[in-house]
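Colleague: Structure file my_file_14.tsv (TSV, C-alpha atoms and all ligand atoms) is given on the next line.
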chain	number	residue	atom	x	y	z
A	17	MET	CA	16.26	-31.36	31.38
A	18	PRO	CA	16.50	-31.79	35.15
A	19	ALA	CA	19.91	-32.64	36.57
A	20	PRO	CA	20.36	-36.40	37.01
A	21	LYS	CA	19.91	-37.65	40.55
A	22	PRO	CA	23.17	-38.49	42.31
A	23	PRO	CA	23.59	-42.26	42.74
A	24	PHE	CA	23.05	-42.30	46.50
A	25	LYS	CA	19.70	-40.61	45.98
A	26	ARG	CA	18.72	-43.18	43.38
A	27	LEU	CA	19.64	-45.87	45.89
A	28	ILE	CA	17.74	-44.53	48.87
A	29	THR	CA	14.63	-43.59	46.92
A	30	ASN	CA	14.25	-46.83	45.03
A	31	TYR	CA	13.38	-49.53	47.54
A	32	GLN	CA	10.35	-50.85	49.38
A	33	THR	CA	10.39	-52.27	52.88
A	34	ASN	CA	8.90	-55.64	53.76
A	35	SER	CA	7.73	-57.21	57.01
A	36	GLN	CA	11.23	-58.57	57.72
A	37	GLY	CA	12.62	-55.06	57.64
A	38	CYS	CA	14.31	-55.63	54.31
A	39	TRP	CA	14.75	-52.75	51.91
A	40	ILE	CA	13.85	-54.38	48.61
A	41	TRP	CA	15.59	-52.83	45.65
A	42	GLN	CA	13.15	-51.85	42.88
A	43	GLY	CA	15.68	-51.14	40.15
A	44	ARG	CA	17.31	-53.45	37.68
A	45	ALA	CA	18.76	-56.78	38.67
A	46	THR	CA	20.95	-59.52	37.24
A	47	LYS	CA	19.52	-62.84	36.15
A	48	ALA	CA	21.06	-64.24	39.31
A	49	GLY	CA	18.78	-61.91	41.25
A	50	TYR	CA	21.17	-59.25	42.51
A	51	GLY	CA	20.24	-55.59	42.20
A	52	GLN	CA	22.40	-53.28	40.15
A	53	ILE	CA	22.89	-49.55	39.99
A	54	LYS	CA	24.95	-47.28	37.78
A	55	VAL	CA	27.37	-45.19	39.80
A	56	PHE	CA	29.29	-42.62	37.78
A	57	GLY	CA	29.09	-44.70	34.65
A	58	LYS	CA	30.01	-47.98	36.34
A	59	ILE	CA	27.49	-50.71	37.11
A	60	VAL	CA	27.82	-52.02	40.63
A	61	SER	CA	25.86	-54.34	42.93
A	62	VAL	CA	23.35	-52.35	44.96
A	63	HIS	CA	23.97	-54.26	48.17
A	64	ARG	CA	27.70	-53.55	47.90
A	65	TYR	CA	27.03	-49.94	47.13
A	66	SER	CA	24.63	-49.65	50.05
A	67	TYR	CA	27.19	-51.22	52.36
A	68	GLU	CA	29.85	-48.76	51.22
A	69	LEU	CA	27.53	-45.79	51.59
A	70	HIS	CA	26.36	-46.67	55.08
A	71	LYS	CA	29.21	-48.62	56.57
A	72	GLY	CA	32.37	-47.83	54.68
A	73	ASN	CA	34.90	-49.44	52.39
A	74	ILE	CA	34.91	-53.10	51.51
A	75	ALA	CA	38.28	-54.81	51.48
A	76	LYS	CA	39.06	-56.28	48.06
A	77	SER	CA	39.18	-59.84	49.34
A	78	LEU	CA	35.75	-59.64	51.00
A	79	GLU	CA	32.18	-59.96	49.80
A	80	VAL	CA	29.04	-58.35	51.14
A	81	MET	CA	26.66	-61.00	52.45
A	82	HIS	CA	22.98	-60.85	53.33
A	83	THR	CA	21.96	-61.98	56.80
A	84	CYS	CA	18.33	-61.93	55.63
A	85	ASN	CA	18.76	-64.18	52.61
A	86	ASN	CA	17.13	-61.63	50.36
A	87	LYS	CA	19.39	-60.92	47.41
A	88	LEU	CA	17.62	-57.66	46.58
A	89	CYS	CA	17.83	-56.29	50.11
A	90	ILE	CA	19.91	-53.13	50.58
A	91	ASN	CA	19.24	-52.54	54.28
A	92	PRO	CA	22.75	-51.96	55.70
A	93	ASP	CA	21.67	-53.65	58.94
A	94	HIS	CA	21.20	-56.85	56.94
A	95	LEU	CA	24.59	-56.66	55.25
A	96	ILE	CA	27.81	-58.06	56.63
A	97	LEU	CA	31.25	-58.70	55.24
A	98	GLY	CA	32.55	-62.19	54.68
A	99	THR	CA	34.95	-64.14	52.54
A	100	HIS	CA	33.83	-65.83	49.34
A	101	LYS	CA	34.04	-69.17	51.15
A	102	GLU	CA	31.82	-67.94	53.98
A	103	ASN	CA	29.37	-66.56	51.45
A	104	ILE	CA	29.13	-69.89	49.65
A	105	LYS	CA	28.79	-71.77	52.94
A	106	GLN	CA	25.97	-69.47	53.97
A	107	ALA	CA	24.24	-69.91	50.61
A	108	ILE	CA	24.43	-73.69	50.93
A	109	LYS	CA	23.05	-73.47	54.44
A	110	ASP	CA	20.20	-71.33	53.17
A	111	LYS	CA	19.76	-73.72	50.22
A	112	LEU	CA	20.41	-70.97	47.70
A	113	LEU	CA	23.11	-73.08	46.12
A	114	ASP	CA	23.23	-76.71	45.24
A	115	HIS	CA	26.01	-78.30	47.24
A	116	SER	CA	26.94	-80.65	44.42
A	117	LYS	CA	27.91	-77.72	42.22
A	118	ILE	CA	30.52	-76.39	44.64
A	119	ASN	CA	34.15	-77.26	44.68
A	120	TYR	CA	35.92	-75.46	47.48
A	121	LYS	CA	39.38	-76.34	46.31
A	122	GLY	CA	39.21	-74.89	42.84
A	123	VAL	CA	42.81	-75.81	42.15
A	124	GLY	CA	44.19	-74.41	38.93
A	125	GLY	CA	41.99	-72.02	37.01
A	126	ILE	CA	38.26	-72.32	36.87
A	127	ASN	CA	36.68	-74.29	39.67
A	128	ARG	CA	33.30	-75.96	39.40
A	129	ASP	CA	31.50	-73.19	41.18
A	130	GLN	CA	32.79	-70.63	38.71
A	131	SER	CA	32.48	-72.77	35.63
A	132	ILE	CA	28.72	-73.10	35.62
A	133	GLN	CA	28.50	-69.86	33.67
A	134	VAL	CA	28.60	-70.32	29.95
A	135	LEU	CA	29.07	-68.28	26.81
A	136	VAL	CA	26.92	-69.47	23.90
A	137	LYS	CA	27.35	-67.76	20.53
A	138	GLY	CA	28.75	-64.72	22.26
A	139	ILE	CA	26.03	-64.36	24.89
A	140	ALA	CA	26.69	-65.03	28.56
A	141	TYR	CA	24.32	-67.21	30.57
A	142	GLY	CA	24.25	-67.93	34.28
A	143	SER	CA	24.23	-71.68	33.71
A	144	ILE	CA	24.12	-74.32	31.01
A	145	ARG	CA	20.53	-75.06	31.89
A	146	GLU	CA	19.59	-71.39	31.60
A	147	ALA	CA	21.22	-71.19	28.16
A	148	GLU	CA	19.34	-74.28	26.98
A	149	GLN	CA	16.05	-72.93	28.27
A	150	VAL	CA	16.46	-69.46	26.79
A	151	LEU	CA	17.67	-70.80	23.44
A	152	LYS	CA	15.09	-73.61	23.50
A	153	LEU	CA	17.70	-76.28	23.00
A	154	GLY	CA	17.48	-79.91	23.94
A	155	LYS	CA	19.00	-80.99	27.23
A	156	GLY	CA	22.67	-81.74	26.81
A	157	THR	CA	23.14	-79.65	23.67
A	158	VAL	CA	25.17	-76.88	25.29
A	159	ARG	CA	27.17	-79.39	27.30
A	160	TYR	CA	27.99	-81.15	24.03
A	161	TRP	CA	29.05	-77.88	22.44
A	162	VAL	CA	31.23	-76.99	25.40
A	163	LYS	CA	32.97	-80.32	25.05
A	164	ASN	CA	33.19	-80.55	21.28
A	165	LYS	CA	32.53	-77.15	19.76
A	166	PRO	CA	34.38	-74.53	21.75
A	167	ASP	CA	33.79	-72.01	18.97
A	168	ILE	CA	30.05	-72.16	19.77
A	169	ALA	CA	30.04	-72.52	23.53
A	170	ARG	CA	32.57	-72.39	26.33
A	171	LEU	CA	32.51	-72.16	30.09
A	172	ILE	CA	33.43	-68.81	31.55
A	173	THR	CA	34.31	-67.58	35.01
A	174	LYS	CA	31.77	-65.80	37.18
A	175	GLN	CA	33.86	-62.66	36.85
A	176	GLU	CA	33.78	-62.88	33.07
A	177	TYR	CA	30.06	-63.54	33.20
A	178	TYR	CA	29.37	-60.37	35.18
A	179	GLN	CA	31.64	-58.32	32.96
A	180	LEU	CA	29.79	-59.51	29.87
A	181	LYS	CA	26.41	-59.04	31.52
A	182	ASN	CA	27.31	-55.52	32.59
A	183	LYS	CA	28.24	-54.72	29.02
A	184	GLU	CA	24.81	-55.87	27.87
A	185	TYR	CA	23.22	-53.54	30.40
A	186	GLU	CA	25.32	-50.63	29.25
A	187	TYR	CA	24.19	-51.08	25.67
A	188	LYS	CA	20.53	-51.13	26.62
A	201	ZN	ZN	17.13	-57.75	54.36
How would this structure read if it were set down as structure tokens?
Modeller:
Amino acid sequence: MPAPKPPFKRLITNYQTNSQGCWIWQGRATKAGYGQIKVFGKIVSVHRYSYELHKGNIAKSLEVMHTCNNKLCINPDHLILGTHKENIKQAIKDKLLDHSKINYKGVGGINRDQSIQVLVKGIAYGSIREAEQVLKLGKGTVRYWVKNKPDIARLITKQEYYQLKNKEYEYK
């Protein structure tokens, strides 16, 4: 059996360029459209990993943002650091996010932005709508469960969502 490729090699040999100069990740991605890569047993976002490889450490409080709007892009020249708030603002500007779903204040626990992720019967979904579509449920069903049947469905934080999603990937 050949030795496994080191993660940086898997990163830099697994993208295709486009006319905008983006390096489009060809590996696995989350439902939300962000590329992922396994680095020493841990699943991480490819754009974050690319940033760290090419440009250095990312402060804990900061996020890696795309200047090109392409979630799968790993070109370090298209990656900049910003706060979560800046990232959301940029996404709204680029119409990647629906403004009505954002609550900047997020006072006390889960804010509206984070709470759109949902756990239904133990499986994490990126949104209530996504859960209803995948499970072929009528509109409003999951919302009803969230409100009245917390044992079946409950809202989860984005962080929890990614943790659960990453677990699913690991088991694959
Ligand atoms: Zn790009």
Colleague: Between CA of Ile96 (chain A) and CA of Leu69 (chain A), what is the spacing in Å?
Modeller: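 We find that CA of Leu69 (chain A) and CA of Ile96 (chain A) lie 13.3 Å from each other.
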Colleague: Kindly compile the residues surrounding ligand ZN 201 (chain A) within 10 Å, counting all atoms listed in the file, and format them as a ChimeraX atom specification.
Modeller: /A:33-40,63,82-95
Colleague: Please report the interatomic distance between CA of Gln149 (chain A) and CA of Val136 (chain A) in Å with one decimal.
Modeller: 12.2 Å
Colleague: Which one is closest to Pro166 (chain A): A:Val55, A:Leu135, A:Thr46, A:Met81? Count all atoms listed in the file.
Modeller: A:Leu135
Colleague: Taking all atoms of region 73-78 of chain A that the file lists and extending 8 Å past them on each side, where is the centre of the axis-aligned box and how long are its edges? Answer in Å to one decimal, as JSON.
Modeller:
{"center_x": 37.0, "center_y": -54.6, "center_z": 50.2, "size_x": 20.3, "size_y": 26.4, "size_z": 20.3}
Colleague: Kindly indicate which residue among A:Lys155, A:Lys47, A:Arg26, A:His100 lies nearest to Tyr65 (chain A), using only C-alpha atoms for the distances.
Modeller: A:Arg26
Colleague: Using all atoms listed in the file, which residue out of A:Ile59, A:Val150, A:Ala48, A:Ile74 lies closest to Pro23 (chain A)?
Modeller: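 With all atoms listed in the file as the atom set, the closest residue is A:Ile59.
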Colleague: Please compute the CA of Ile168 (chain A)-CA of Gly138 (chain A) distance, one decimal, in Å.
Modeller: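 Spanning CA of Ile168 (chain A) to CA of Gly138 (chain A) is a straight-line distance of 8.0 Å.
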